[in-house]
Amino acid sequence: MWLLFAILSSIFAALTSILAKVGIDKVHSNLATAIRTAVVLVMAWGMVFLTNTQSGIMQINKKSWLFLILSGIATGASWLCYYKALQIGEVSKVVPIDKLSVVITLILAFIFLHETFTIKSIIGCILIGAGTLLMVL
């Protein structure tokens, strides 16, 4: 089931880039990000209430709160930078660079989460990096 959600995530992420590029025409990138974030906020809380999981908020411990808040700050910073890059750059160049996050995530997962770095993941990181260079040069 995780694979289905991961594939859907990639499809929606692709649509996000195209829709955002069209939507930010003559709109400041920070305002566009705020509008997008408001929509995401409504959708996320809608899903919480639709699935009746709002009562779980009381069971969240301090560590989880801290890391969820830090993750939200990182997401916000990422979105603000992404929209600014989309506004002044070409989607076909911005998106590959943004997807270098895959390589950075694997490295950080290895360092901080002690996840295994295999030959396949090393080769994948090299190929993603090389592919990004080919697409933006």
# chains A, B, ... in the order shown; residues from 1 in each chain; ligands from 1
$ closest_atom_pairs --of "range 41-123 of chain A" --to "range 10-14 of chain A" --cutoff "12 Å" --atoms "only C-alpha atoms" --output "JSON lines"
{"residue": "A:Val91", "atom": "CA", "partner": "A:Ala14", "partner_atom": "CA", "distance": 10.2}
{"residue": "A:Ser92", "atom": "CA", "partner": "A:Ala14", "partner_atom": "CA", "distance": 11.0}
{"residue": "A:Val94", "atom": "CA", "partner": "A:Ala14", "partner_atom": "CA", "distance": 11.9}
{"residue": "A:Val95", "atom": "CA", "partner": "A:Ala14", "partner_atom": "CA", "distance": 8.7}
{"residue": "A:Pro96", "atom": "CA", "partner": "A:Ala14", "partner_atom": "CA", "distance": 11.1}
{"residue": "A:Asp98", "atom": "CA", "partner": "A:Ala13", "partner_atom": "CA", "distance": 11.2}
{"residue": "A:Lys99", "atom": "CA", "partner": "A:Ala13", "partner_atom": "CA", "distance": 10.6}
$ atom_distance --atom1 "CA of Ala85 in chain A" --atom2 "CA of Ser29 in chain A"
8.7 Å
$ residues_around --residues "range 118-120 of chain A" --least-positions-apart "6" --cutoff "12 Å" --atoms "only C-alpha atoms" --output "PyMOL selection string"
chain A and resi 106-107+110+126-127
$ write_last_selection --atoms "N, CA, C and O atoms" --output "PDB file, in the first residue's frame"
ATOM      1  N   LEU A 106      18.738  10.630   1.673  1.00  0.00           N
ATOM      2  CA  LEU A 106      19.424   9.353   1.886  1.00  0.00           C
ATOM      3  C   LEU A 106      20.671   9.534   2.734  1.00  0.00           C
ATOM      4  O   LEU A 106      20.944   8.733   3.636  1.00  0.00           O
ATOM      5  N   ILE A 107      21.422  10.572   2.460  1.00  0.00           N
ATOM      6  CA  ILE A 107      22.638  10.839   3.239  1.00  0.00           C
ATOM      7  C   ILE A 107      22.286  11.151   4.696  1.00  0.00           C
ATOM      8  O   ILE A 107      22.897  10.607   5.628  1.00  0.00           O
ATOM      9  N   PHE A 110      21.178   8.077   6.560  1.00  0.00           N
ATOM     10  CA  PHE A 110      22.344   7.262   6.907  1.00  0.00           C
ATOM     11  C   PHE A 110      23.031   7.818   8.157  1.00  0.00           C
ATOM     12  O   PHE A 110      23.343   7.084   9.089  1.00  0.00           O
ATOM     13  N   ILE A 126      24.271   8.606  -7.132  1.00  0.00           N
ATOM     14  CA  ILE A 126      25.173   9.080  -8.189  1.00  0.00           C
ATOM     15  C   ILE A 126      24.391   9.351  -9.470  1.00  0.00           C
ATOM     16  O   ILE A 126      24.579  10.381 -10.124  1.00  0.00           O
ATOM     17  N   LEU A 127      23.482   8.444  -9.813  1.00  0.00           N
ATOM     18  CA  LEU A 127      22.688   8.624 -11.028  1.00  0.00           C
ATOM     19  C   LEU A 127      21.742   9.818 -10.928  1.00  0.00           C
ATOM     20  O   LEU A 127      21.578  10.565 -11.900  1.00  0.00           O
TER      21      LEU A 127
END
$ residues_around --residues "Lys26 in chain A" --least-positions-apart "4" --cutoff "10 Å" --atoms "only C-alpha atoms" --output "PDB file with all heavy atoms, in the first residue's frame"
ATOM      1  N   VAL A  22       2.061  28.122 -13.417  1.00  0.00           N
ATOM      2  CA  VAL A  22       1.001  28.889 -14.071  1.00  0.00           C
ATOM      3  C   VAL A  22       0.355  29.842 -13.061  1.00  0.00           C
ATOM      4  O   VAL A  22       0.086  31.006 -13.371  1.00  0.00           O
ATOM      5  CB  VAL A  22      -0.063  27.951 -14.691  1.00  0.00           C
ATOM      6  CG1 VAL A  22      -1.225  28.745 -15.259  1.00  0.00           C
ATOM      7  CG2 VAL A  22       0.569  27.068 -15.765  1.00  0.00           C
ATOM      8  N   ALA A  32       1.815  33.500  -2.995  1.00  0.00           N
ATOM      9  CA  ALA A  32       1.393  32.234  -3.616  1.00  0.00           C
ATOM     10  C   ALA A  32       1.622  31.060  -2.661  1.00  0.00           C
ATOM     11  O   ALA A  32       0.774  30.176  -2.539  1.00  0.00           O
ATOM     12  CB  ALA A  32       2.148  32.021  -4.924  1.00  0.00           C
ATOM     13  N   GLN A  87       9.176  30.913  -9.728  1.00  0.00           N
ATOM     14  CA  GLN A  87       8.764  32.202 -10.270  1.00  0.00           C
ATOM     15  C   GLN A  87       9.832  32.786 -11.189  1.00  0.00           C
ATOM     16  O   GLN A  87       9.515  33.373 -12.216  1.00  0.00           O
ATOM     17  CB  GLN A  87       8.449  33.181  -9.147  1.00  0.00           C
ATOM     18  CG  GLN A  87       7.811  34.454  -9.639  1.00  0.00           C
ATOM     19  CD  GLN A  87       7.214  35.253  -8.515  1.00  0.00           C
ATOM     20  OE1 GLN A  87       7.884  35.524  -7.532  1.00  0.00           O
ATOM     21  NE2 GLN A  87       5.941  35.602  -8.652  1.00  0.00           N
TER      22      GLN A  87
END
$ select_by_dssp --residues "range 27-119 of chain A" --states "alpha helix (DSSP H)" --output "NGL selection string"
:A and (29-50 or 62-88 or 91-98 or 101-112 or 119)
$ closest_residue --among "A:Arg36, A:Lys63, A:His114, A:Lys93" --to "Gly23 in chain A" --atoms "only C-alpha atoms"
A:Arg36
$ decode --residues "range 1-38 of chain A" --atoms "N, CA, C and O atoms" --output "PDB file, in the first residue's frame"
ATOM      1  N   MET A   1       0.812  -1.197   0.000  1.00  0.00           N
ATOM      2  CA  MET A   1       0.000   0.000   0.000  1.00  0.00           C
ATOM      3  C   MET A   1       0.861   1.269   0.000  1.00  0.00           C
ATOM      4  O   MET A   1       0.476   2.276  -0.574  1.00  0.00           O
ATOM      5  N   TRP A   2       2.025   1.192   0.662  1.00  0.00           N
ATOM      6  CA  TRP A   2       2.903   2.368   0.688  1.00  0.00           C
ATOM      7  C   TRP A   2       3.332   2.762  -0.711  1.00  0.00           C
ATOM      8  O   TRP A   2       3.472   3.950  -1.017  1.00  0.00           O
ATOM      9  N   LEU A   3       3.532   1.766  -1.581  1.00  0.00           N
ATOM     10  CA  LEU A   3       3.976   2.044  -2.948  1.00  0.00           C
ATOM     11  C   LEU A   3       2.917   2.837  -3.723  1.00  0.00           C
ATOM     12  O   LEU A   3       3.250   3.789  -4.435  1.00  0.00           O
ATOM     13  N   LEU A   4       1.661   2.478  -3.554  1.00  0.00           N
ATOM     14  CA  LEU A   4       0.579   3.210  -4.211  1.00  0.00           C
ATOM     15  C   LEU A   4       0.579   4.679  -3.775  1.00  0.00           C
ATOM     16  O   LEU A   4       0.508   5.583  -4.605  1.00  0.00           O
ATOM     17  N   PHE A   5       0.690   4.904  -2.460  1.00  0.00           N
ATOM     18  CA  PHE A   5       0.708   6.278  -1.957  1.00  0.00           C
ATOM     19  C   PHE A   5       1.952   7.031  -2.427  1.00  0.00           C
ATOM     20  O   PHE A   5       1.892   8.228  -2.708  1.00  0.00           O
ATOM     21  N   ALA A   6       3.083   6.344  -2.521  1.00  0.00           N
ATOM     22  CA  ALA A   6       4.304   6.989  -3.004  1.00  0.00           C
ATOM     23  C   ALA A   6       4.158   7.387  -4.476  1.00  0.00           C
ATOM     24  O   ALA A   6       4.581   8.482  -4.878  1.00  0.00           O
ATOM     25  N   ILE A   7       3.556   6.527  -5.285  1.00  0.00           N
ATOM     26  CA  ILE A   7       3.332   6.844  -6.703  1.00  0.00           C
ATOM     27  C   ILE A   7       2.361   8.016  -6.837  1.00  0.00           C
ATOM     28  O   ILE A   7       2.602   8.950  -7.611  1.00  0.00           O
ATOM     29  N   LEU A   8       1.272   7.968  -6.070  1.00  0.00           N
ATOM     30  CA  LEU A   8       0.317   9.082  -6.100  1.00  0.00           C
ATOM     31  C   LEU A   8       0.988  10.383  -5.655  1.00  0.00           C
ATOM     32  O   LEU A   8       0.747  11.441  -6.244  1.00  0.00           O
ATOM     33  N   SER A   9       1.848  10.297  -4.659  1.00  0.00           N
ATOM     34  CA  SER A   9       2.574  11.476  -4.196  1.00  0.00           C
ATOM     35  C   SER A   9       3.413  12.077  -5.318  1.00  0.00           C
ATOM     36  O   SER A   9       3.433  13.297  -5.511  1.00  0.00           O
ATOM     37  N   SER A  10       4.094  11.233  -6.083  1.00  0.00           N
ATOM     38  CA  SER A  10       4.926  11.738  -7.176  1.00  0.00           C
ATOM     39  C   SER A  10       4.078  12.380  -8.272  1.00  0.00           C
ATOM     40  O   SER A  10       4.471  13.388  -8.864  1.00  0.00           O
ATOM     41  N   ILE A  11       2.908  11.808  -8.537  1.00  0.00           N
ATOM     42  CA  ILE A  11       2.017  12.385  -9.551  1.00  0.00           C
ATOM     43  C   ILE A  11       1.509  13.752  -9.089  1.00  0.00           C
ATOM     44  O   ILE A  11       1.552  14.725  -9.849  1.00  0.00           O
ATOM     45  N   PHE A  12       1.076  13.829  -7.832  1.00  0.00           N
ATOM     46  CA  PHE A  12       0.582  15.106  -7.317  1.00  0.00           C
ATOM     47  C   PHE A  12       1.704  16.135  -7.219  1.00  0.00           C
ATOM     48  O   PHE A  12       1.482  17.324  -7.471  1.00  0.00           O
ATOM     49  N   ALA A  13       2.911  15.698  -6.871  1.00  0.00           N
ATOM     50  CA  ALA A  13       4.055  16.621  -6.822  1.00  0.00           C
ATOM     51  C   ALA A  13       4.345  17.178  -8.212  1.00  0.00           C
ATOM     52  O   ALA A  13       4.657  18.365  -8.362  1.00  0.00           O
ATOM     53  N   ALA A  14       4.238  16.340  -9.235  1.00  0.00           N
ATOM     54  CA  ALA A  14       4.449  16.806 -10.610  1.00  0.00           C
ATOM     55  C   ALA A  14       3.384  17.832 -11.000  1.00  0.00           C
ATOM     56  O   ALA A  14       3.699  18.875 -11.579  1.00  0.00           O
ATOM     57  N   LEU A  15       2.142  17.542 -10.648  1.00  0.00           N
ATOM     58  CA  LEU A  15       1.071  18.493 -10.933  1.00  0.00           C
ATOM     59  C   LEU A  15       1.284  19.803 -10.172  1.00  0.00           C
ATOM     60  O   LEU A  15       1.021  20.879 -10.697  1.00  0.00           O
ATOM     61  N   THR A  16       1.791  19.699  -8.939  1.00  0.00           N
ATOM     62  CA  THR A  16       2.061  20.888  -8.126  1.00  0.00           C
ATOM     63  C   THR A  16       2.981  21.849  -8.863  1.00  0.00           C
ATOM     64  O   THR A  16       2.739  23.060  -8.893  1.00  0.00           O
ATOM     65  N   SER A  17       4.043  21.328  -9.444  1.00  0.00           N
ATOM     66  CA  SER A  17       5.018  22.175 -10.125  1.00  0.00           C
ATOM     67  C   SER A  17       4.404  22.892 -11.320  1.00  0.00           C
ATOM     68  O   SER A  17       4.610  24.098 -11.502  1.00  0.00           O
ATOM     69  N   ILE A  18       3.673  22.168 -12.115  1.00  0.00           N
ATOM     70  CA  ILE A  18       3.069  22.755 -13.311  1.00  0.00           C
ATOM     71  C   ILE A  18       1.989  23.770 -12.925  1.00  0.00           C
ATOM     72  O   ILE A  18       1.965  24.897 -13.432  1.00  0.00           O
ATOM     73  N   LEU A  19       1.100  23.381 -12.013  1.00  0.00           N
ATOM     74  CA  LEU A  19       0.024  24.276 -11.585  1.00  0.00           C
ATOM     75  C   LEU A  19       0.586  25.520 -10.892  1.00  0.00           C
ATOM     76  O   LEU A  19       0.080  26.630 -11.099  1.00  0.00           O
ATOM     77  N   ALA A  20       1.632  25.348 -10.104  1.00  0.00           N
ATOM     78  CA  ALA A  20       2.241  26.482  -9.400  1.00  0.00           C
ATOM     79  C   ALA A  20       2.862  27.465 -10.385  1.00  0.00           C
ATOM     80  O   ALA A  20       2.705  28.676 -10.247  1.00  0.00           O
ATOM     81  N   LYS A  21       3.563  26.955 -11.379  1.00  0.00           N
ATOM     82  CA  LYS A  21       4.212  27.833 -12.351  1.00  0.00           C
ATOM     83  C   LYS A  21       3.180  28.713 -13.064  1.00  0.00           C
ATOM     84  O   LYS A  21       3.387  29.905 -13.242  1.00  0.00           O
ATOM     85  N   VAL A  22       2.061  28.122 -13.417  1.00  0.00           N
ATOM     86  CA  VAL A  22       1.001  28.889 -14.071  1.00  0.00           C
ATOM     87  C   VAL A  22       0.355  29.842 -13.061  1.00  0.00           C
ATOM     88  O   VAL A  22       0.086  31.006 -13.371  1.00  0.00           O
ATOM     89  N   GLY A  23       0.156  29.378 -11.830  1.00  0.00           N
ATOM     90  CA  GLY A  23      -0.543  30.166 -10.824  1.00  0.00           C
ATOM     91  C   GLY A  23       0.237  31.356 -10.293  1.00  0.00           C
ATOM     92  O   GLY A  23      -0.370  32.325  -9.833  1.00  0.00           O
ATOM     93  N   ILE A  24       1.571  31.312 -10.326  1.00  0.00           N
ATOM     94  CA  ILE A  24       2.337  32.424  -9.753  1.00  0.00           C
ATOM     95  C   ILE A  24       2.602  33.551 -10.734  1.00  0.00           C
ATOM     96  O   ILE A  24       3.262  34.528 -10.390  1.00  0.00           O
ATOM     97  N   ASP A  25       2.037  33.439 -11.930  1.00  0.00           N
ATOM     98  CA  ASP A  25       2.191  34.514 -12.913  1.00  0.00           C
ATOM     99  C   ASP A  25       1.579  35.799 -12.344  1.00  0.00           C
ATOM    100  O   ASP A  25       0.399  35.847 -12.025  1.00  0.00           O
ATOM    101  N   LYS A  26       2.405  36.813 -12.166  1.00  0.00           N
ATOM    102  CA  LYS A  26       1.993  38.125 -11.649  1.00  0.00           C
ATOM    103  C   LYS A  26       1.533  38.076 -10.185  1.00  0.00           C
ATOM    104  O   LYS A  26       0.753  38.919  -9.737  1.00  0.00           O
ATOM    105  N   VAL A  27       1.979  37.059  -9.431  1.00  0.00           N
ATOM    106  CA  VAL A  27       1.673  36.937  -8.008  1.00  0.00           C
ATOM    107  C   VAL A  27       3.006  36.771  -7.283  1.00  0.00           C
ATOM    108  O   VAL A  27       3.847  35.979  -7.704  1.00  0.00           O
ATOM    109  N   HIS A  28       3.220  37.515  -6.195  1.00  0.00           N
ATOM    110  CA  HIS A  28       4.457  37.381  -5.434  1.00  0.00           C
ATOM    111  C   HIS A  28       4.569  35.946  -4.915  1.00  0.00           C
ATOM    112  O   HIS A  28       3.580  35.369  -4.455  1.00  0.00           O
ATOM    113  N   SER A  29       5.766  35.382  -4.989  1.00  0.00           N
ATOM    114  CA  SER A  29       5.960  33.981  -4.623  1.00  0.00           C
ATOM    115  C   SER A  29       5.585  33.702  -3.171  1.00  0.00           C
ATOM    116  O   SER A  29       5.050  32.629  -2.858  1.00  0.00           O
ATOM    117  N   ASN A  30       5.832  34.648  -2.254  1.00  0.00           N
ATOM    118  CA  ASN A  30       5.471  34.426  -0.849  1.00  0.00           C
ATOM    119  C   ASN A  30       3.959  34.381  -0.660  1.00  0.00           C
ATOM    120  O   ASN A  30       3.445  33.563   0.110  1.00  0.00           O
ATOM    121  N   LEU A  31       3.239  35.250  -1.368  1.00  0.00           N
ATOM    122  CA  LEU A  31       1.778  35.232  -1.301  1.00  0.00           C
ATOM    123  C   LEU A  31       1.236  33.928  -1.880  1.00  0.00           C
ATOM    124  O   LEU A  31       0.333  33.308  -1.309  1.00  0.00           O
ATOM    125  N   ALA A  32       1.815  33.500  -2.995  1.00  0.00           N
ATOM    126  CA  ALA A  32       1.393  32.234  -3.616  1.00  0.00           C
ATOM    127  C   ALA A  32       1.622  31.060  -2.661  1.00  0.00           C
ATOM    128  O   ALA A  32       0.774  30.176  -2.539  1.00  0.00           O
ATOM    129  N   THR A  33       2.765  31.068  -1.977  1.00  0.00           N
ATOM    130  CA  THR A  33       3.059  30.004  -1.015  1.00  0.00           C
ATOM    131  C   THR A  33       2.055  30.027   0.131  1.00  0.00           C
ATOM    132  O   THR A  33       1.597  28.970   0.581  1.00  0.00           O
ATOM    133  N   ALA A  34       1.702  31.211   0.617  1.00  0.00           N
ATOM    134  CA  ALA A  34       0.736  31.318   1.709  1.00  0.00           C
ATOM    135  C   ALA A  34      -0.636  30.785   1.290  1.00  0.00           C
ATOM    136  O   ALA A  34      -1.298  30.085   2.066  1.00  0.00           O
ATOM    137  N   ILE A  35      -1.052  31.093   0.073  1.00  0.00           N
ATOM    138  CA  ILE A  35      -2.341  30.597  -0.427  1.00  0.00           C
ATOM    139  C   ILE A  35      -2.303  29.073  -0.517  1.00  0.00           C
ATOM    140  O   ILE A  35      -3.216  28.380  -0.054  1.00  0.00           O
ATOM    141  N   ARG A  36      -1.232  28.549  -1.097  1.00  0.00           N
ATOM    142  CA  ARG A  36      -1.079  27.091  -1.215  1.00  0.00           C
ATOM    143  C   ARG A  36      -1.101  26.448   0.165  1.00  0.00           C
ATOM    144  O   ARG A  36      -1.754  25.420   0.381  1.00  0.00           O
ATOM    145  N   THR A  37      -0.399  27.048   1.117  1.00  0.00           N
ATOM    146  CA  THR A  37      -0.312  26.490   2.461  1.00  0.00           C
ATOM    147  C   THR A  37      -1.676  26.488   3.150  1.00  0.00           C
ATOM    148  O   THR A  37      -2.023  25.531   3.851  1.00  0.00           O
ATOM    149  N   ALA A  38      -2.452  27.536   2.947  1.00  0.00           N
ATOM    150  CA  ALA A  38      -3.799  27.593   3.524  1.00  0.00           C
ATOM    151  C   ALA A  38      -4.670  26.461   2.978  1.00  0.00           C
ATOM    152  O   ALA A  38      -5.420  25.822   3.729  1.00  0.00           O
TER     153      ALA A  38
END
